[in-house]
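Chemist: Below you'll find the structure I mean.
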2 protein chains.
Amino acid sequence: MHDVLRKFINEITTGIIADDEFVHIEKGFFPKLMKRRQFLLHEGAVCKYMAFVVKGALRQYSIDERGNEHIVHFGIEGCWITDRESLLMLRPSKYNIDALEDCELLLTTKEQLSLITDLSLQFLKMSHILDSQHSISFQNRIQASLSYTAEEKVMDLMIRYPSFFNRFPQSMLASYLGLSPETFSRIRKKLLTKQYAF
Amino acid sequence: MHDVLRKFINEITTGIIADDEFVHIEKGFFPKLMKRRQFLLHEGAVCKYMAFVVKGALRQYSIDERGNEHIVHFGIEGCWITDRESLLMLRPSKYNIDALEDCELLLTTKEQLSLITDLSLQFLKMSHILDSQHSISFQNRIQASLSYTAEEKVMDLMIRYPSFFNRFPQSMLASYLGLSPETFSRIRKKLLTKQYAF
């Protein structure tokens, strides 16, 4: 599994990480297999791990006082998933993270992460590039949530993450967009009749 | 002005940046004074600068097809403001950035930023820590937009950024939260009668 992470780091940084540098990363990440429906994090617990998804899919979600689920993130192959606020500041998490499919993960802890970042410049560079990409993606999502109509939100998701539509149930995509399942379903049907390819 | 940036880098990284390292940062950032209502970025243009706010306040906003303004970010002292997607990928921006008060800024370009990040490990570390903090703040904002009621959104903003309520007009705070000015005003009055301190 570590080879996938190594390839990922090289791709993101457009460099080649040396063996003696990668050894620190290899030591700091341990493999974990998860079955569908298993939890990596429960609301109220302090998040212990940051996960690199080698295979499978997970979701990160909160449940509000009215019992509604709100999905803030889907983690698929090549993605990272964690509650960073909880992990870094040792605060009880507002989120649950569970596996939507059987998963192969590489996990690291706060302490290991700090060590790796100090010892591997390539890892630090990768983190910087990824954070930059995440920041762009978060900003787009905030802009979409503020200014898009429901139909524009569905269209935007279709353009940015078309694979989500084959991979996740409609109810989850609705939750991710902050729409009711009924509204999502109605819009999807409407777009289908316009012959957009889902 | 560069001293403020130096102090900021030292505080964030809890280190002391050496003179021969800071010289690269000093070279890469140039000062810029902006008057209230001047623009740093216009929608449709490629964003040329990343700004560190030494003094003053700016807002970053988009205008939708219906003519409504949506504020995605306020930049005040010690904040950074840019459209990263446009800056890094040279795409036309969806945003405007204008000064809400007279401002003192330090600006850098994409090329300078890349050079500084290569030459200064402290700057790279600072970027990594800030990106991490931004990521937490973005995640909270997405969660709030998905799961909070209008009243919870106003309360949350009051707790996280109390100074915004004295500094920015109600209409802008409403736009930042994705609420209509009328809803924002009604909730604010309701919270005032509950004797919350605005």
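Residues are named by chain letter and number: chains run A, B, ... in the order of the structure tokens, numbers start at 1 in each chain, and ligands are numbered from 1 in the order shown.
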Using DSSP on the backbone coordinates, identify all residues within segment 116-186 of chain A classified as alpha helix (DSSP H); present the result as a PyMOL selection string.

Modeler: chain A and resi 116-119+121-147+150-160+164-167+170-177+181-186

Chemist: Go through chain A residue by residue and, counting only C-alpha atoms, keep those with an atom at most 10 Å from chain B; for each kept residue give the shortest atom pair and its distance in Å to one decimal, ordered by chain and increasing number, as CSV.

Modeler:
```
residue,atom,partner,partner_atom,distance
A:Tyr61,CA,B:Gln143,CA,8.7
A:Ser62,CA,B:Gln143,CA,7.9
A:Ile63,CA,B:Ser147,CA,8.1
A:Asp64,CA,B:Ser147,CA,6.4
A:Glu65,CA,B:Ser147,CA,9.2
A:Arg66,CA,B:Ser147,CA,9.5
A:Asn68,CA,B:Ser147,CA,8.0
A:Glu69,CA,B:Ser147,CA,8.2
A:His70,CA,B:Ser147,CA,6.3
A:Ile71,CA,B:Gln143,CA,8.2
A:Val72,CA,B:Gln143,CA,6.3
A:His73,CA,B:Gln139,CA,9.1
A:Asp83,CA,B:Ile136,CA,8.2
A:Arg84,CA,B:Ile136,CA,6.4
A:Glu85,CA,B:Ile136,CA,5.7
A:Ser86,CA,B:Ile136,CA,9.3
A:Leu88,CA,B:Ser132,CA,9.2
A:Lys94,CA,B:Gln143,CA,9.6
A:Tyr95,CA,B:Gln143,CA,9.8
A:Thr117,CA,B:Lys125,CA,9.1
A:Asp118,CA,B:Lys125,CA,9.4
A:Leu121,CA,B:Leu121,CA,9.0
A:Leu124,CA,B:His128,CA,7.6
A:Lys125,CA,B:Leu124,CA,7.9
A:Met126,CA,B:His128,CA,9.9
A:Ser127,CA,B:His128,CA,7.0
A:His128,CA,B:His128,CA,5.5
A:Ile129,CA,B:His128,CA,9.1
A:Leu130,CA,B:Asp131,CA,9.4
A:Asp131,CA,B:Asp131,CA,5.8
A:Ser132,CA,B:Asp131,CA,7.0
A:Gln133,CA,B:Glu85,CA,8.1
A:His134,CA,B:Ser135,CA,7.3
A:Ser135,CA,B:Ser135,CA,6.4
A:Ile136,CA,B:Glu85,CA,5.7
A:Ser137,CA,B:Glu85,CA,8.7
A:Phe138,CA,B:Phe138,CA,6.2
A:Gln139,CA,B:Phe138,CA,7.4
A:Asn140,CA,B:Glu85,CA,9.2
A:Arg141,CA,B:Ile142,CA,7.6
A:Ile142,CA,B:Ile142,CA,6.3
A:Gln143,CA,B:Val72,CA,6.3
A:Ala144,CA,B:His70,CA,9.7
A:Ser145,CA,B:Ser145,CA,7.1
A:Leu146,CA,B:Gly178,CA,5.1
A:Ser147,CA,B:His70,CA,6.3
A:Tyr148,CA,B:Asp64,CA,7.9
A:Thr149,CA,B:Asp64,CA,10.0
A:Ser175,CA,B:Leu146,CA,8.1
A:Tyr176,CA,B:Leu146,CA,8.0
A:Leu177,CA,B:Leu146,CA,7.6
A:Gly178,CA,B:Leu146,CA,5.1
A:Leu179,CA,B:Leu146,CA,8.6
```

Chemist: Store the residues of this selection in a file with C-alpha atoms, as an mmCIF file, in the first residue's frame.

Modeler:
```cif
data_model
loop_
_atom_site.group_PDB
_atom_site.id
_atom_site.type_symbol
_atom_site.label_atom_id
_atom_site.label_comp_id
_atom_site.auth_asym_id
_atom_site.auth_seq_id
_atom_site.Cartn_x
_atom_site.Cartn_y
_atom_site.Cartn_z
ATOM 1 C CA TYR A 61 -20.880 13.776 8.119
ATOM 2 C CA SER A 62 -22.532 15.486 11.060
ATOM 3 C CA ILE A 63 -25.997 14.928 12.486
ATOM 4 C CA ASP A 64 -27.907 18.050 13.546
ATOM 5 C CA GLU A 65 -30.301 18.431 16.488
ATOM 6 C CA ARG A 66 -33.205 17.584 14.212
ATOM 7 C CA ASN A 68 -30.634 15.190 9.771
ATOM 8 C CA GLU A 69 -27.348 13.991 8.263
ATOM 9 C CA HIS A 70 -25.088 16.542 6.558
ATOM 10 C CA ILE A 71 -22.231 15.132 4.461
ATOM 11 C CA VAL A 72 -19.275 17.542 4.331
ATOM 12 C CA HIS A 73 -16.818 15.305 2.467
ATOM 13 C CA ASP A 83 -11.348 15.976 11.091
ATOM 14 C CA ARG A 84 -8.350 18.288 11.173
ATOM 15 C CA GLU A 85 -9.748 20.560 13.896
ATOM 16 C CA SER A 86 -10.233 17.576 16.212
ATOM 17 C CA LEU A 88 -4.712 18.963 15.630
ATOM 18 C CA LYS A 94 -18.615 17.060 15.407
ATOM 19 C CA TYR A 95 -18.274 14.430 12.689
ATOM 20 C CA THR A 117 6.558 17.014 8.089
ATOM 21 C CA ASP A 118 9.791 17.908 9.896
ATOM 22 C CA LEU A 121 10.625 18.212 2.674
ATOM 23 C CA LEU A 124 5.770 19.149 3.412
ATOM 24 C CA LYS A 125 5.680 20.304 -0.221
ATOM 25 C CA MET A 126 2.970 17.781 -1.037
ATOM 26 C CA SER A 127 0.921 18.982 1.955
ATOM 27 C CA HIS A 128 1.304 22.573 0.794
ATOM 28 C CA ILE A 129 0.135 21.790 -2.746
ATOM 29 C CA LEU A 130 -2.786 19.665 -1.515
ATOM 30 C CA ASP A 131 -3.869 22.302 0.994
ATOM 31 C CA SER A 132 -3.840 24.823 -1.774
ATOM 32 C CA GLN A 133 -6.039 22.578 -3.934
ATOM 33 C CA HIS A 134 -8.392 21.910 -0.990
ATOM 34 C CA SER A 135 -8.627 25.587 -0.283
ATOM 35 C CA ILE A 136 -9.736 26.205 -3.892
ATOM 36 C CA SER A 137 -12.246 23.395 -3.713
ATOM 37 C CA PHE A 138 -13.640 24.594 -0.347
ATOM 38 C CA GLN A 139 -13.943 28.131 -1.671
ATOM 39 C CA ASN A 140 -15.853 26.897 -4.715
ATOM 40 C CA ARG A 141 -18.167 24.923 -2.477
ATOM 41 C CA ILE A 142 -18.856 27.930 -0.249
ATOM 42 C CA GLN A 143 -19.506 30.087 -3.282
ATOM 43 C CA ALA A 144 -21.852 27.441 -4.687
ATOM 44 C CA SER A 145 -23.740 27.135 -1.409
ATOM 45 C CA LEU A 146 -24.161 30.928 -1.199
ATOM 46 C CA SER A 147 -25.025 31.796 -4.757
ATOM 47 C CA TYR A 148 -26.204 28.775 -6.747
ATOM 48 C CA THR A 149 -29.794 27.708 -7.267
ATOM 49 C CA SER A 175 -27.151 15.720 1.721
ATOM 50 C CA TYR A 176 -23.740 16.755 0.339
ATOM 51 C CA LEU A 177 -25.389 19.615 -1.579
ATOM 52 C CA GLY A 178 -27.673 20.670 1.280
ATOM 53 C CA LEU A 179 -30.797 19.786 -0.718
#
```

Chemist: Neighbouring residues of Phe168 of chain B were defined as those with any atom within 10 Å, considering only C-alpha atoms; residues of the same chain fewer than 4 positions away were excluded. Please report them as a PDB file with N, CA and C atoms, in the first residue's frame.

Modeler:
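Dumped to out-v2.pdb:
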```
ATOM      1  N   ALA B  57      -9.442  46.603   5.784  1.00  0.00           N
ATOM      2  CA  ALA B  57     -10.332  45.461   5.546  1.00  0.00           C
ATOM      3  C   ALA B  57     -10.758  45.420   4.090  1.00  0.00           C
ATOM      4  N   PHE B  74     -13.922  37.897   4.186  1.00  0.00           N
ATOM      5  CA  PHE B  74     -13.470  39.215   4.637  1.00  0.00           C
ATOM      6  C   PHE B  74     -11.988  39.090   4.985  1.00  0.00           C
ATOM      7  N   LEU B 100     -12.828  47.827   1.898  1.00  0.00           N
ATOM      8  CA  LEU B 100     -13.945  48.372   2.669  1.00  0.00           C
ATOM      9  C   LEU B 100     -13.478  49.531   3.542  1.00  0.00           C
ATOM     10  N   GLU B 101     -12.159  49.598   3.749  1.00  0.00           N
ATOM     11  CA  GLU B 101     -11.536  50.693   4.500  1.00  0.00           C
ATOM     12  C   GLU B 101     -10.226  51.019   3.762  1.00  0.00           C
ATOM     13  N   SER B 163     -15.883  40.835  16.140  1.00  0.00           N
ATOM     14  CA  SER B 163     -15.496  42.176  15.665  1.00  0.00           C
ATOM     15  C   SER B 163     -16.193  42.539  14.356  1.00  0.00           C
ATOM     16  N   PHE B 164     -16.589  41.530  13.565  1.00  0.00           N
ATOM     17  CA  PHE B 164     -17.261  41.803  12.284  1.00  0.00           C
ATOM     18  C   PHE B 164     -18.529  42.646  12.491  1.00  0.00           C
ATOM     19  N   MET B 172     -23.782  43.269   4.542  1.00  0.00           N
ATOM     20  CA  MET B 172     -22.626  42.447   4.147  1.00  0.00           C
ATOM     21  C   MET B 172     -22.544  41.169   4.989  1.00  0.00           C
ATOM     22  N   LEU B 173     -22.856  41.290   6.266  1.00  0.00           N
ATOM     23  CA  LEU B 173     -22.838  40.089   7.114  1.00  0.00           C
ATOM     24  C   LEU B 173     -23.911  39.114   6.647  1.00  0.00           C
TER      25      LEU B 173
END
```

Chemist: For segment 30-43 of chain B, work out the shell of residues within 7 Å, counting only C-alpha atoms and skipping chain neighbours fewer than 2 positions away, then give it as a list in words.

Modeler: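 Surrounding residues, per the criterion: Gly28, Ala45, Cys47, Ser93, Lys94, Tyr95, Asn96, Ile97, Asp98, Ala99, Leu100, Glu101, Asp102, Cys103, Glu104, Leu105, Leu106, Leu107 and Thr108 of chain B.
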
Chemist: Go ahead and save the residues from that selection, with C-alpha atoms, as a compact mmCIF listing (two decimals), in the first residue's frame.

Modeler:
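Output contents, as saved in selection.txt:
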```
# COMPACT_ATOMS: atom_id res chain seq x y z
CA GLY B 28 9.13 39.10 -2.98
CA ALA B 45 -9.58 39.23 -14.85
CA CYS B 47 -5.86 37.44 -10.26
CA SER B 93 -11.70 35.06 -11.63
CA LYS B 94 -15.33 34.73 -10.54
CA TYR B 95 -14.63 37.25 -7.78
CA ASN B 96 -14.18 40.91 -7.06
CA ILE B 97 -11.94 42.07 -4.22
CA ASP B 98 -12.39 45.64 -2.99
CA ALA B 99 -11.31 47.69 0.00
CA LEU B 100 -13.94 48.37 2.67
CA GLU B 101 -11.54 50.69 4.50
CA ASP B 102 -8.25 52.41 3.54
CA CYS B 103 -5.73 49.56 3.45
CA GLU B 104 -2.02 48.86 3.75
CA LEU B 105 -1.14 45.66 1.94
CA LEU B 106 1.89 43.61 1.04
CA LEU B 107 1.47 42.01 -2.37
CA THR B 108 3.23 39.10 -4.02
```

Chemist: Among chain B, which ones does DSSP assign to strand (DSSP E) (computed from the backbone)? Answer as number ranges by chain.

Modeler: B: 30-34, 39-41, 50-55, 58-63, 69-75, 80-81, 96-99, 103-108

Chemist: For those residues, write C-alpha atoms to a file as a CSV table (one decimal), in the first residue's frame.

Modeler:
```csv
chain,number,residue,atom,x,y,z
B,30,PHE,CA,5.9,45.0,-2.3
B,31,PRO,CA,3.8,47.5,-0.4
B,32,LYS,CA,0.5,48.8,-1.7
B,33,LEU,CA,-1.8,51.4,-0.3
B,34,MET,CA,-5.5,51.2,-1.2
B,39,PHE,CA,-10.5,47.2,-6.3
B,40,LEU,CA,-7.7,44.7,-6.0
B,41,LEU,CA,-9.4,42.3,-8.4
B,50,MET,CA,-1.9,37.5,-3.1
B,51,ALA,CA,-2.2,40.1,-0.5
B,52,PHE,CA,-1.2,40.2,3.2
B,53,VAL,CA,-3.4,42.7,5.0
B,54,VAL,CA,-1.2,44.9,7.3
B,55,LYS,CA,-4.1,47.3,8.0
B,58,LEU,CA,-11.3,44.0,2.2
B,59,ARG,CA,-14.0,41.7,0.9
B,60,GLN,CA,-14.0,39.1,-1.8
B,61,TYR,CA,-17.4,38.6,-3.5
B,62,SER,CA,-19.1,37.2,-6.5
B,63,ILE,CA,-22.2,38.6,-8.3
B,69,GLU,CA,-23.7,39.9,-4.2
B,70,HIS,CA,-22.2,36.9,-2.3
B,71,ILE,CA,-19.3,37.6,0.0
B,72,VAL,CA,-17.1,34.6,0.4
B,73,HIS,CA,-14.3,36.2,2.5
B,74,PHE,CA,-13.5,39.2,4.6
B,75,GLY,CA,-9.7,40.0,4.9
B,80,TRP,CA,-4.4,36.8,3.4
B,81,ILE,CA,-6.7,37.5,0.5
B,96,ASN,CA,-14.2,40.9,-7.1
B,97,ILE,CA,-11.9,42.1,-4.2
B,98,ASP,CA,-12.4,45.6,-3.0
B,99,ALA,CA,-11.3,47.7,0.0
B,103,CYS,CA,-5.7,49.6,3.4
B,104,GLU,CA,-2.0,48.9,3.7
B,105,LEU,CA,-1.1,45.7,1.9
B,106,LEU,CA,1.9,43.6,1.0
B,107,LEU,CA,1.5,42.0,-2.4
B,108,THR,CA,3.2,39.1,-4.0
```

Chemist: Excluding same-chain residues fewer than 3 positions from Val4 of chain A, what lies within 9 Å of it counting only C-alpha atoms, as number ranges by chain?

Modeler: A: 1, 7-9, 54, 78

Chemist: Could you save those same residues with C-alpha atoms as a PDB file, in the first residue's frame?

Modeler:
```
ATOM      1  CA  MET A   1       0.000   0.000   0.000  1.00  0.00           C
ATOM      2  CA  LYS A   7       3.515   7.400  -6.311  1.00  0.00           C
ATOM      3  CA  PHE A   8       0.954   9.930  -5.124  1.00  0.00           C
ATOM      4  CA  ILE A   9       3.620  12.129  -3.456  1.00  0.00           C
ATOM      5  CA  VAL A  54      -5.752   3.692  -1.224  1.00  0.00           C
ATOM      6  CA  GLY A  78      -6.169   9.317  -3.683  1.00  0.00           C
TER       7      GLY A  78
END
```

Chemist: Mind checking which residues fall within 10 Å of Leu87 of chain A, counting only C-alpha atoms, ignoring those fewer than 5 positions away in the same chain, and posting them as a list of chain:residue names?

Modeler: A:Val46, A:Cys47, A:Lys48, A:Tyr49, A:Met50, A:Thr82, A:Pro92, A:Ser93, A:Thr109, A:Lys110, A:Glu111

Chemist: Which of these residues is nearest to Ala18 of chain A, using only C-alpha atoms: A:Asp3, A:Glu182, A:Gln122, A:Met158?

Modeler: A:Gln122
